[in-house]
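Shown below: target_21.cif, with mmCIF, C-alpha atoms.
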data_my_file
loop_
_atom_site.label_atom_id
_atom_site.label_comp_id
_atom_site.auth_asym_id
_atom_site.auth_seq_id
_atom_site.Cartn_x
_atom_site.Cartn_y
_atom_site.Cartn_z
CA MET I 1 23.44 172.70 5.57
CA ASN I 2 20.78 174.88 7.10
CA MET I 3 21.79 175.85 10.62
CA ASP I 4 19.02 178.38 11.07
CA TYR I 5 16.21 176.91 13.07
CA LYS I 6 13.41 178.92 14.53
CA ASP I 7 12.88 178.40 18.24
CA ASP I 8 9.70 176.40 17.90
CA GLU I 9 11.17 174.28 15.12
CA LEU I 10 14.22 173.53 17.21
CA LYS I 11 12.07 172.73 20.21
CA ARG I 12 10.02 170.33 18.10
CA LEU I 13 13.18 168.61 16.85
CA VAL I 14 14.62 168.23 20.33
CA THR I 15 11.32 166.92 21.67
CA ARG I 16 11.18 164.35 18.89
CA PHE I 17 14.71 163.31 19.78
CA TRP I 18 14.00 162.69 23.45
CA ASP I 19 10.76 160.92 22.52
CA GLY I 20 12.66 158.47 20.32
CA GLU I 21 10.79 159.64 17.23
CA SER I 22 13.47 161.57 15.34
CA THR I 23 14.91 160.36 12.07
CA LEU I 24 18.62 159.83 11.54
CA GLU I 25 18.72 162.99 9.43
CA GLU I 26 17.10 165.04 12.19
CA GLU I 27 19.53 163.65 14.74
CA LYS I 28 22.44 164.50 12.49
CA ALA I 29 21.11 168.04 12.19
CA LEU I 30 21.01 168.33 15.98
CA LYS I 31 24.52 166.93 16.31
CA ASP I 32 25.76 169.45 13.77
CA LEU I 33 24.16 172.25 15.76
CA VAL I 34 26.02 171.05 18.84
CA ALA I 35 29.28 170.63 16.93
CA TYR I 36 29.09 174.17 15.55
CA GLY I 37 28.06 175.61 18.92
CA ASN I 38 24.72 176.78 17.59
CA LEU I 39 22.55 175.18 20.21
CA PRO I 40 21.13 177.50 22.87
CA GLU I 41 22.12 176.91 26.47
CA ALA I 42 18.67 175.63 27.26
CA TYR I 43 19.66 172.46 25.44
CA ASP I 44 22.93 171.82 27.28
CA ASP I 45 21.57 168.46 28.38
CA LEU I 46 21.34 167.42 24.72
CA ALA I 47 24.87 168.64 24.05
CA ALA I 48 26.17 166.68 27.04
CA TYR I 49 24.29 163.61 25.84
CA PHE I 50 25.87 163.74 22.37
CA GLU I 51 29.29 164.32 23.86
CA SER I 52 28.92 161.27 26.09
CA MET I 53 27.80 159.06 23.23
CA GLY I 54 30.74 160.19 21.15
CA ALA I 55 33.18 159.38 23.95
CA LEU I 56 31.58 155.99 24.56
CA SER I 57 32.28 154.80 21.03
CA ASP I 58 36.00 155.17 21.71
CA GLU I 59 35.83 153.32 25.02
CA LEU I 60 34.88 149.83 23.99
CA THR I 61 37.30 148.46 21.42
CA LEU I 62 39.28 145.30 20.88
CA ASP I 63 43.01 145.62 20.53
CA SER I 64 45.26 144.02 17.95
CA SER I 65 45.80 140.93 20.10
CA PHE I 66 42.23 139.91 19.20
CA ASP I 67 43.10 140.03 15.50
CA ASP I 68 46.30 138.07 16.04
CA ALA I 69 44.56 135.37 18.07
CA LEU I 70 41.73 135.01 15.55
CA LEU I 71 43.99 134.85 12.51
CA GLU I 72 46.14 132.26 14.24
CA LYS I 73 43.03 130.15 14.84
CA ILE I 74 42.09 130.50 11.20
CA ASP I 75 45.58 129.48 10.07
CA GLN I 76 45.41 126.41 12.31
CA SER I 77 42.01 125.44 10.96
CA GLU I 78 43.30 125.77 7.41
CA GLN I 79 46.14 123.34 8.10
CA THR I 80 43.84 120.66 9.46
CA ASN I 81 40.97 121.02 7.03
CA VAL I 82 41.12 119.63 3.56
CA ARG I 83 40.12 122.61 1.52
CA SER I 84 40.76 121.27 -1.91
CA LEU I 85 37.89 119.61 -3.73
CA VAL I 86 38.85 116.46 -5.45
CA LYS I 87 37.10 116.20 -8.75
CA PRO I 88 38.32 113.32 -10.80
CA ARG I 89 36.97 114.81 -13.96
CA PHE I 90 39.34 112.71 -15.90
CA ILE I 91 37.36 109.67 -14.76
CA TRP I 92 34.26 111.03 -16.48
CA ALA I 93 36.31 111.89 -19.53
CA ALA I 94 37.68 108.36 -19.52
CA ALA I 95 34.14 106.98 -19.16
CA ALA I 96 33.03 109.08 -22.11
CA ALA I 97 35.93 107.73 -24.14
CA VAL I 98 35.01 104.14 -23.25
CA VAL I 99 31.39 104.68 -24.24
CA MET I 100 32.42 106.29 -27.47
CA ALA I 101 34.79 103.44 -28.16
CA PHE I 102 31.99 101.01 -27.47
CA CYS I 103 29.77 102.88 -29.91
CA PHE I 104 32.52 102.85 -32.48
CA VAL I 105 33.04 99.13 -32.14
CA LEU I 106 29.32 98.49 -32.16
CA PHE I 107 28.33 100.59 -35.12
CA LYS I 108 31.51 100.61 -37.18
CA ALA I 109 31.41 98.81 -40.48
CA PRO I 110 34.93 97.53 -40.85
CA ASN I 111 36.65 96.56 -44.07
CA GLU I 112 34.96 93.32 -44.49
CA THR I 113 34.35 90.76 -47.15
CA PRO I 114 30.83 90.27 -48.35
CA ASN I 115 30.79 87.05 -46.41
CA MET I 116 31.84 88.80 -43.21
CA ALA I 117 29.33 91.59 -43.79
CA ALA I 118 26.58 89.05 -44.20
CA SER I 119 27.62 87.25 -41.06
CA ASN I 120 27.79 90.54 -39.07
CA GLN I 121 24.37 91.52 -40.16
CA GLU I 122 23.15 88.21 -38.97
CA THR I 123 24.86 88.66 -35.55
CA TYR I 124 22.92 91.73 -34.27
CA SER I 125 19.19 92.06 -34.56
CA LYS I 126 17.46 95.38 -34.99
CA GLU I 127 16.16 95.24 -31.41
CA GLU I 128 19.60 94.54 -30.04
CA LEU I 129 21.04 97.47 -31.93
CA GLN I 130 18.24 99.72 -30.66
CA ALA I 131 18.85 98.60 -27.06
CA ALA I 132 22.56 99.24 -27.38
CA PHE I 133 21.86 102.67 -28.82
CA GLU I 134 19.52 103.55 -25.92
CA GLN I 135 22.03 102.42 -23.33
CA THR I 136 24.74 104.42 -24.97
CA GLN I 137 22.47 107.46 -25.04
CA ALA I 138 21.72 107.06 -21.28
CA ALA I 139 25.41 106.78 -20.47
CA LEU I 140 26.22 109.91 -22.45
CA LEU I 141 23.40 111.83 -20.71
CA LEU I 142 24.80 110.81 -17.33
CA ILE I 143 28.23 112.02 -18.30
CA SER I 144 26.87 115.34 -19.57
CA SER I 145 24.93 115.93 -16.32
CA LYS I 146 28.11 115.46 -14.30
CA MET I 147 29.90 117.87 -16.54
CA ASN I 148 27.03 120.34 -16.12
CA ASN I 149 27.76 120.38 -12.40
CA ALA I 150 31.10 121.93 -13.28
CA THR I 151 29.26 124.74 -15.02
CA THR I 152 27.04 125.25 -11.95
CA HIS I 153 30.05 125.48 -9.67
CA ALA I 154 31.62 128.03 -11.99
CA ASP I 155 28.42 130.11 -11.79
CA GLN I 156 28.51 129.94 -8.00
CA LEU I 157 32.10 131.11 -8.04
CA ASN I 158 31.02 134.10 -10.08
CA LYS I 159 28.19 134.86 -7.64
CA PHE I 160 30.58 134.73 -4.73
CA HIS I 161 32.92 137.11 -6.48
CA GLU I 162 30.04 139.49 -7.16
CA ALA I 163 28.91 139.32 -3.49
CA THR I 164 32.44 140.10 -2.37
CA VAL I 165 32.58 143.10 -4.65
CA ARG I 166 29.19 144.30 -3.32
CA VAL I 167 30.28 143.99 0.30
CA LYS I 168 33.52 145.81 -0.41
CA SER I 169 31.74 148.58 -2.30
CA ARG I 170 29.36 149.16 0.66
CA LYS I 171 32.37 149.78 2.83
CA MET R 172 44.55 109.47 -9.40
CA LEU R 173 45.06 113.13 -10.15
CA SER R 174 43.52 115.68 -7.83
CA TRP R 175 43.48 119.42 -7.95
CA VAL R 176 41.66 122.37 -6.48
CA VAL R 177 38.76 122.86 -8.79
CA PHE R 178 36.13 124.97 -7.09
CA ASP R 179 37.09 126.42 -3.72
CA MET R 180 34.53 129.17 -3.24
CA SER R 181 35.57 130.00 0.34
CA MET R 182 36.62 133.52 1.25
CA SER R 183 40.37 133.99 1.22
CA ARG R 184 42.21 134.96 4.37
CA ASP R 185 42.89 138.40 2.90
CA GLU R 186 39.26 138.95 2.00
CA PHE R 187 38.25 137.91 5.52
CA GLN R 188 40.78 140.30 6.99
CA HIS R 189 39.45 143.21 4.95
CA THR R 190 35.74 142.43 5.05
CA VAL R 191 34.90 140.72 8.32
CA LEU R 192 37.65 141.60 10.78
CA PRO R 193 37.00 145.38 10.62
CA LEU R 194 33.56 144.70 12.14
CA ARG R 195 35.09 143.50 15.38
CA ASP R 196 34.66 146.68 17.44
CA LYS R 197 31.03 147.15 16.43
CA LEU R 198 30.28 143.52 17.22
CA PHE R 199 32.21 143.69 20.48
CA ARG R 200 30.34 146.76 21.74
CA PHE R 201 27.06 145.17 20.71
CA SER R 202 27.81 141.96 22.58
CA PHE R 203 29.03 143.95 25.55
CA ARG R 204 25.63 145.63 25.87
CA PHE R 205 24.18 142.17 26.48
CA LEU R 206 26.88 140.62 28.59
CA MET R 207 28.44 143.62 30.33
CA ASN R 208 31.68 141.66 30.44
CA ARG R 209 34.64 142.33 28.15
CA GLU R 210 36.03 138.82 28.13
CA ASP R 211 32.69 137.19 27.41
CA ALA R 212 31.90 139.71 24.69
CA SER R 213 35.31 139.15 23.10
CA ASP R 214 34.75 135.37 23.13
CA VAL R 215 31.36 135.79 21.45
CA VAL R 216 32.84 137.92 18.69
CA GLN R 217 35.66 135.47 18.12
CA ASP R 218 33.21 132.55 17.96
CA VAL R 219 31.01 134.35 15.44
CA MET R 220 33.93 135.27 13.21
CA MET R 221 35.29 131.73 13.33
CA LYS R 222 31.87 130.40 12.43
CA PHE R 223 31.76 132.77 9.49
CA TRP R 224 35.15 131.56 8.35
CA GLU R 225 34.29 127.88 8.77
CA GLN R 226 31.06 128.25 6.79
CA GLY R 227 33.25 128.82 3.75
CA ALA R 228 31.33 128.75 0.49
CA LYS R 229 27.93 129.18 2.15
CA MET R 230 28.89 132.73 3.07
CA ALA R 231 28.83 133.66 -0.61
CA GLU R 232 25.03 133.57 -0.38
CA ILE R 233 24.94 136.27 2.30
CA ASN R 234 24.24 139.74 0.95
CA ASN R 235 24.85 141.67 4.14
CA VAL R 236 27.81 140.37 6.12
CA GLU R 237 27.43 142.92 8.91
CA ALA R 238 23.76 142.14 9.48
CA TRP R 239 24.52 138.41 9.57
CA CYS R 240 27.28 138.92 12.11
CA MET R 241 25.13 141.21 14.26
CA THR R 242 22.34 138.64 14.35
CA MET R 243 24.78 135.87 15.26
CA VAL R 244 26.34 138.01 18.00
CA ARG R 245 22.92 138.72 19.42
CA ASN R 246 21.95 135.05 19.44
CA LYS R 247 25.22 133.90 20.95
CA SER R 248 25.13 136.64 23.57
CA LEU R 249 21.62 135.65 24.61
CA ASP R 250 22.69 132.00 24.74
CA GLN R 251 25.57 133.02 26.95
CA LEU R 252 23.23 134.88 29.26
CA LYS R 253 20.94 131.86 29.52
CA ARG R 254 23.88 129.58 30.24
CA LYS R 255 24.95 131.83 33.03
CA GLY R 256 21.39 132.04 34.31
CA ARG R 257 21.01 135.73 33.67
CA GLN R 258 18.23 137.29 31.64
CA ASN R 259 18.96 140.83 32.68
CA SER R 260 22.66 140.78 33.12
CA ILE R 261 24.00 142.44 36.19
CA ILE R 262 27.01 144.61 36.04
CA GLU R 263 30.18 142.58 35.97
CA GLU R 264 32.38 145.24 34.54
CA GLU R 265 33.76 147.25 37.37
CA PHE R 266 32.93 150.83 36.75
CA GLN R 267 34.76 153.19 38.96
CA HIS R 268 32.24 154.63 41.32
CA PRO R 269 31.98 158.35 40.74
CA GLY R 270 32.41 158.93 44.44
CA HIS R 271 35.96 157.57 44.25
CA HIS R 272 37.04 160.35 41.93
CA GLN R 273 38.18 163.38 43.86
CA HIS R 274 40.41 164.93 41.19
CA PRO R 275 39.72 168.60 40.52
CA GLU R 276 41.43 168.75 37.09
CA LYS R 277 39.11 169.47 34.15
CA GLN R 278 40.27 166.54 32.07
CA LEU R 279 39.45 164.18 34.89
CA GLU R 280 36.03 165.77 35.25
CA GLN R 281 35.25 164.66 31.73
CA LYS R 282 36.42 161.17 32.51
CA GLU R 283 34.28 161.15 35.61
CA ALA R 284 31.27 162.28 33.62
CA LEU R 285 31.85 159.48 31.15
CA GLU R 286 32.12 156.92 33.93
CA LYS R 287 28.79 158.11 35.27
CA VAL R 288 27.19 157.66 31.88
CA LYS R 289 28.66 154.19 31.56
CA ALA R 290 27.38 153.27 34.98
CA GLN R 291 23.92 154.57 34.10
CA ILE R 292 23.85 152.64 30.84
CA ALA R 293 24.87 149.48 32.69
CA LEU R 294 21.80 149.89 34.91
CA LEU R 295 19.43 150.09 31.96
CA PRO R 296 17.44 147.00 30.96
CA MET R 297 19.09 144.93 28.27
CA ASN R 298 16.64 145.99 25.54
CA GLN R 299 17.35 149.65 26.18
CA ARG R 300 21.12 149.12 26.32
CA THR R 301 21.22 147.29 23.01
CA VAL R 302 18.90 149.75 21.26
CA LEU R 303 21.02 152.60 22.55
CA GLU R 304 24.20 150.96 21.26
CA LEU R 305 22.76 150.35 17.81
CA ARG R 306 21.22 153.81 17.45
CA GLU R 307 23.65 156.16 19.17
CA LEU R 308 26.97 154.41 18.56
CA GLN R 309 26.34 152.58 15.32
CA GLY R 310 23.83 154.95 13.70
CA LYS R 311 21.39 152.25 12.64
CA SER R 312 17.85 153.04 11.53
CA TYR R 313 14.82 151.88 13.52
CA GLN R 314 14.15 149.25 10.89
CA GLU R 315 17.71 147.90 11.05
CA ILE R 316 17.60 147.79 14.84
CA ALA R 317 14.28 145.96 14.75
CA GLU R 318 15.71 143.36 12.39
CA VAL R 319 18.90 142.78 14.33
CA LEU R 320 17.15 142.54 17.68
CA ASP R 321 14.09 140.76 16.29
CA MET R 322 11.97 143.42 17.87
CA ASP R 323 8.93 145.40 16.78
CA ILE R 324 9.78 148.91 15.55
CA SER R 325 7.40 150.45 18.06
CA LEU R 326 9.28 148.68 20.86
CA VAL R 327 12.57 149.95 19.43
CA LYS R 328 11.33 153.53 19.65
CA VAL R 329 9.89 153.07 23.12
CA SER R 330 13.14 151.50 24.37
CA LEU R 331 15.16 154.31 22.86
CA HIS R 332 12.86 156.93 24.36
CA ARG R 333 13.13 155.38 27.81
CA ALA R 334 16.91 155.01 27.62
CA ARG R 335 17.42 158.59 26.50
CA LYS R 336 14.98 159.88 29.07
CA LYS R 337 16.73 158.03 31.88
CA LEU R 338 20.15 159.33 30.91
CA ARG R 339 18.82 162.83 30.48
CA GLU R 340 17.10 162.81 33.86
CA THR R 341 20.29 161.59 35.53
CA TRP R 342 22.30 164.34 33.91
CA ILE R 343 19.76 167.00 34.83
CA LYS R 344 19.63 165.77 38.41
CA GLU R 345 23.40 165.73 38.76
CA ASN R 346 23.81 169.13 37.20
CA GLU R 347 20.80 170.62 38.94
CA TYR R 348 19.69 172.04 35.67
CA GLY R 349 16.79 174.36 36.29
CA LEU R 350 13.97 171.81 36.44
#

Once more with this new file: its structure as structure tokens, please.
Amino acid sequence: MNMDYKDDELKRLVTRFWDGESTLEEEKALKDLVAYGNLPEAYDDLAAYFESMGALSDELTLDSSFDDALLEKIDQSEQTNVRSLVKPRFIWAAAAAVVMAFCFVLFKAPNETPNMAASNQETYSKEELQAAFEQTQAALLLISSKMNNATTHADQLNKFHEATVRVKSRK
Amino acid sequence: MLSWVVFDMSMSRDEFQHTVLPLRDKLFRFSFRFLMNREDASDVVQDVMMKFWEQGAKMAEINNVEAWCMTMVRNKSLDQLKRKGRQNSIIEEEFQHPGHHQHPEKQLEQKEALEKVKAQIALLPMNQRTVLELRELQGKSYQEIAEVLDMDISLVKVSLHRARKKLRETWIKENEYGL
């Protein structure tokens, strides 16, 4: 770090500081000059100012009782809130099984006698079969969209984890 | 019916303790610059941290936890001031009047000097106090201060200039420093 400032350069820096125009880097440079005792006496007011600000940061703090009280509140809120998400996925799985069973029953060609086959063919018209197919397709699409929500939630969980890592790394 | 925890995206207690709780002193000092009252400032900080905790999964969308907390503290502190009918809060914290200190010891001189500075800061307008806190004690850039206080950058610089000037003039006057 360069501690050698010409008089006019130092004066310019100090003026910028009091004018509220200095950058953080310039202010750090001034603080370092004070810390190392390299600031001329003419700038004792600046040295006193930095010393005061440093002391002030130690003055206003919260003690550990704040932490204890807050964590106790959090623990109490956890006990009363229902934090688990109830996702009866098995219901959707069961619904999918029912639909598939329906499809199986509908479209299966069982071991049948020619007479039975003829009578089955006569039971369902082409339009009825088409309608049943479309309804089955709609039901399966509904089930898949619900299951897609699970994928979305998993993505959000990943994002949260990434955000946590980012926050921690900034610290 | 079976039920199980499937997707609980809330922050854990441990994560909260390591990420959010360490901000308490910064947030407390910041609130104090508005309210000039320790108890009120402490309440504000506690409320903000509880709100953060209760938001649960929504907090995962926040990139900058500190900035969010600072903004919330500012808003709650201003609400508190309005509730109490104060726009420019008067001093509630009892600063020991410098005149009461008659101790000759050097270490007490420093304490006295600090009390004077605290008293002077308490007399500053709220804008100047908060800008001073964010710049001098928390080392924030002009841009960051402007965002937290919802203030124009030019006003940030002017407020900082005036605050520094006032404190400097007081020091010079009290030390009879050659001007």

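Each of R:Thr190, R:Asn298, R:Ser325, R:Ser183 was checked against chain I using all atoms listed in the file; the smallest atom-to-atom distance is that of R:Thr190.
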
For this session: Counting all atoms listed in the file, write as a PyMOL selection string all protein and nucleic acid residues lying at most 10 Å from (33.5, 137.0, 19.3) in the file's frame.
Result: (chain I and resi 66+70) or (chain R and resi 195-196+198-199+202+210-222+240+243-244+247-248)

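Between chain R and the candidates I:Gln79, I:Thr23, I:Ser144, I:Asn38, the tightest atom-to-atom separation, counting only C-alpha atoms, involves I:Thr23.
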
Problem set entry | Ref. answer, residues at most 8 Å from (21.5, 147.5, 30.0) with all atoms listed in the file, as a ChimeraX atom specification | /R:204-205,207,259-260,292-301

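Relative to atom CA of I:Thr136, atom CA of I:Leu106 is found at 10.4 Å.
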
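Each of R:Val302, R:Met322, R:Val288, R:Ile316 was compared to chain I using only C-alpha atoms, and R:Val288 turns out to be the nearest.
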
For this session: Might you pull out every residue within 9 Å of stretch 93-102 of chain I, with all atoms listed in the file counted and same-chain residues fewer than 5 positions away left off, and present them as a ChimeraX atom specification?
Result: /I:107,136,139-140,143

For this session: Please provide as a PyMOL selection string all residues within 12 Å of R:Lys311, with the sequence filter that same-chain residues fewer than 5 positions apart are discarded (counting all atoms listed in the file).
Result: (chain I and resi 23-25+27) or (chain R and resi 197+237-238+241+301-306+316-320+327)

Evaluate the PyMOL selection byres ((chain I and resi 51) around 12) against this structure - the residues, as a compact mmCIF listing (two decimals) with C-alpha atoms, in the frame of the given file, please.
# COMPACT_ATOMS: atom_id res chain seq x y z
CA LYS I 31 24.52 166.93 16.31
CA ASP I 32 25.76 169.45 13.77
CA VAL I 34 26.02 171.05 18.84
CA ALA I 35 29.28 170.63 16.93
CA ASP I 44 22.93 171.82 27.28
CA ASP I 45 21.57 168.46 28.38
CA LEU I 46 21.34 167.42 24.72
CA ALA I 47 24.87 168.64 24.05
CA ALA I 48 26.17 166.68 27.04
CA TYR I 49 24.29 163.61 25.84
CA PHE I 50 25.87 163.74 22.37
CA SER I 52 28.92 161.27 26.09
CA MET I 53 27.80 159.06 23.23
CA GLY I 54 30.74 160.19 21.15
CA ALA I 55 33.18 159.38 23.95
CA LEU I 56 31.58 155.99 24.56
CA SER I 57 32.28 154.80 21.03
CA ASP I 58 36.00 155.17 21.71
CA GLN R 281 35.25 164.66 31.73
CA LYS R 282 36.42 161.17 32.51
CA ALA R 284 31.27 162.28 33.62
CA LEU R 285 31.85 159.48 31.15
CA VAL R 288 27.19 157.66 31.88
CA GLU R 307 23.65 156.16 19.17
CA LEU R 308 26.97 154.41 18.56

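Taking all atoms listed in the file into account, chain I lies nearest to R:Asn234 out of the set R:Gln291, R:Gln226, R:Gln278, R:Asn234.
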
For this session: Record the distance separating atom CA of R:Leu338 and atom CA of I:Tyr43, expressed in Å with one decimal.
Result: 14.2 Å

Problem set entry | For atom CA of R:Thr341 and atom CA of R:Lys328, the interatomic separation in Å (one decimal) | 19.9 Å

Using the atoms already present, construct all heavy atoms for stretch 65-74 of chain I and hand them back as a short mmCIF file (atom, residue, chain, number, x, y, z; two decimals), keeping the file's coordinate frame.
data_model
loop_
_atom_site.label_atom_id
_atom_site.label_comp_id
_atom_site.auth_asym_id
_atom_site.auth_seq_id
_atom_site.Cartn_x
_atom_site.Cartn_y
_atom_site.Cartn_z
N SER I 65 45.59 142.33 19.67
CA SER I 65 45.80 140.93 20.10
C SER I 65 44.60 140.05 19.72
O SER I 65 44.75 138.85 19.48
CB SER I 65 46.04 140.87 21.62
OG SER I 65 44.88 141.30 22.32
N PHE I 66 43.42 140.67 19.64
CA PHE I 66 42.23 139.91 19.20
C PHE I 66 42.43 139.45 17.76
O PHE I 66 42.19 138.28 17.43
CB PHE I 66 40.99 140.79 19.30
CG PHE I 66 39.74 140.14 18.75
CD1 PHE I 66 38.96 139.35 19.56
CD2 PHE I 66 39.37 140.33 17.43
CE1 PHE I 66 37.82 138.73 19.05
CE2 PHE I 66 38.23 139.73 16.92
CZ PHE I 66 37.45 138.92 17.74
N ASP I 67 42.87 140.38 16.91
CA ASP I 67 43.10 140.03 15.50
C ASP I 67 44.12 138.92 15.38
O ASP I 67 43.92 137.95 14.63
CB ASP I 67 43.62 141.26 14.72
CG ASP I 67 42.59 142.35 14.63
OD1 ASP I 67 41.54 142.23 15.28
OD2 ASP I 67 42.85 143.34 13.92
N ASP I 68 45.21 139.06 16.13
CA ASP I 68 46.30 138.07 16.04
C ASP I 68 45.79 136.69 16.45
O ASP I 68 46.08 135.69 15.78
CB ASP I 68 47.48 138.49 16.94
CG ASP I 68 48.11 139.79 16.47
OD1 ASP I 68 47.92 140.14 15.28
OD2 ASP I 68 48.78 140.45 17.28
N ALA I 69 45.05 136.66 17.57
CA ALA I 69 44.56 135.37 18.07
C ALA I 69 43.59 134.73 17.06
O ALA I 69 43.63 133.51 16.81
CB ALA I 69 43.86 135.56 19.42
N LEU I 70 42.73 135.54 16.49
CA LEU I 70 41.73 135.01 15.55
C LEU I 70 42.39 134.49 14.28
O LEU I 70 42.07 133.39 13.80
CB LEU I 70 40.71 136.10 15.21
CG LEU I 70 39.60 135.69 14.24
CD1 LEU I 70 38.73 134.61 14.84
CD2 LEU I 70 38.75 136.90 13.86
N LEU I 71 43.32 135.27 13.75
CA LEU I 71 43.99 134.85 12.51
C LEU I 71 44.83 133.59 12.73
O LEU I 71 44.95 132.74 11.83
CB LEU I 71 44.85 136.00 11.97
CG LEU I 71 44.04 137.19 11.43
CD1 LEU I 71 44.96 138.36 11.11
CD2 LEU I 71 43.24 136.81 10.20
N GLU I 72 45.38 133.47 13.93
CA GLU I 72 46.14 132.26 14.24
C GLU I 72 45.21 131.04 14.25
O GLU I 72 45.56 129.97 13.73
CB GLU I 72 46.82 132.41 15.60
CG GLU I 72 47.86 131.33 15.87
CD GLU I 72 48.49 131.49 17.25
OE1 GLU I 72 48.60 132.63 17.72
OE2 GLU I 72 48.86 130.47 17.84
N LYS I 73 44.02 131.24 14.83
CA LYS I 73 43.03 130.15 14.84
C LYS I 73 42.65 129.76 13.42
O LYS I 73 42.50 128.58 13.09
CB LYS I 73 41.77 130.60 15.57
CG LYS I 73 41.68 130.16 17.01
CD LYS I 73 40.26 130.39 17.52
CE LYS I 73 40.06 129.74 18.87
NZ LYS I 73 38.71 129.85 19.37
N ILE I 74 42.48 130.76 12.58
CA ILE I 74 42.09 130.50 11.20
C ILE I 74 43.20 129.75 10.48
O ILE I 74 42.94 128.79 9.74
CB ILE I 74 41.78 131.83 10.48
CG1 ILE I 74 40.41 132.35 10.94
CG2 ILE I 74 41.81 131.68 8.97
CD1 ILE I 74 40.09 133.74 10.46
#
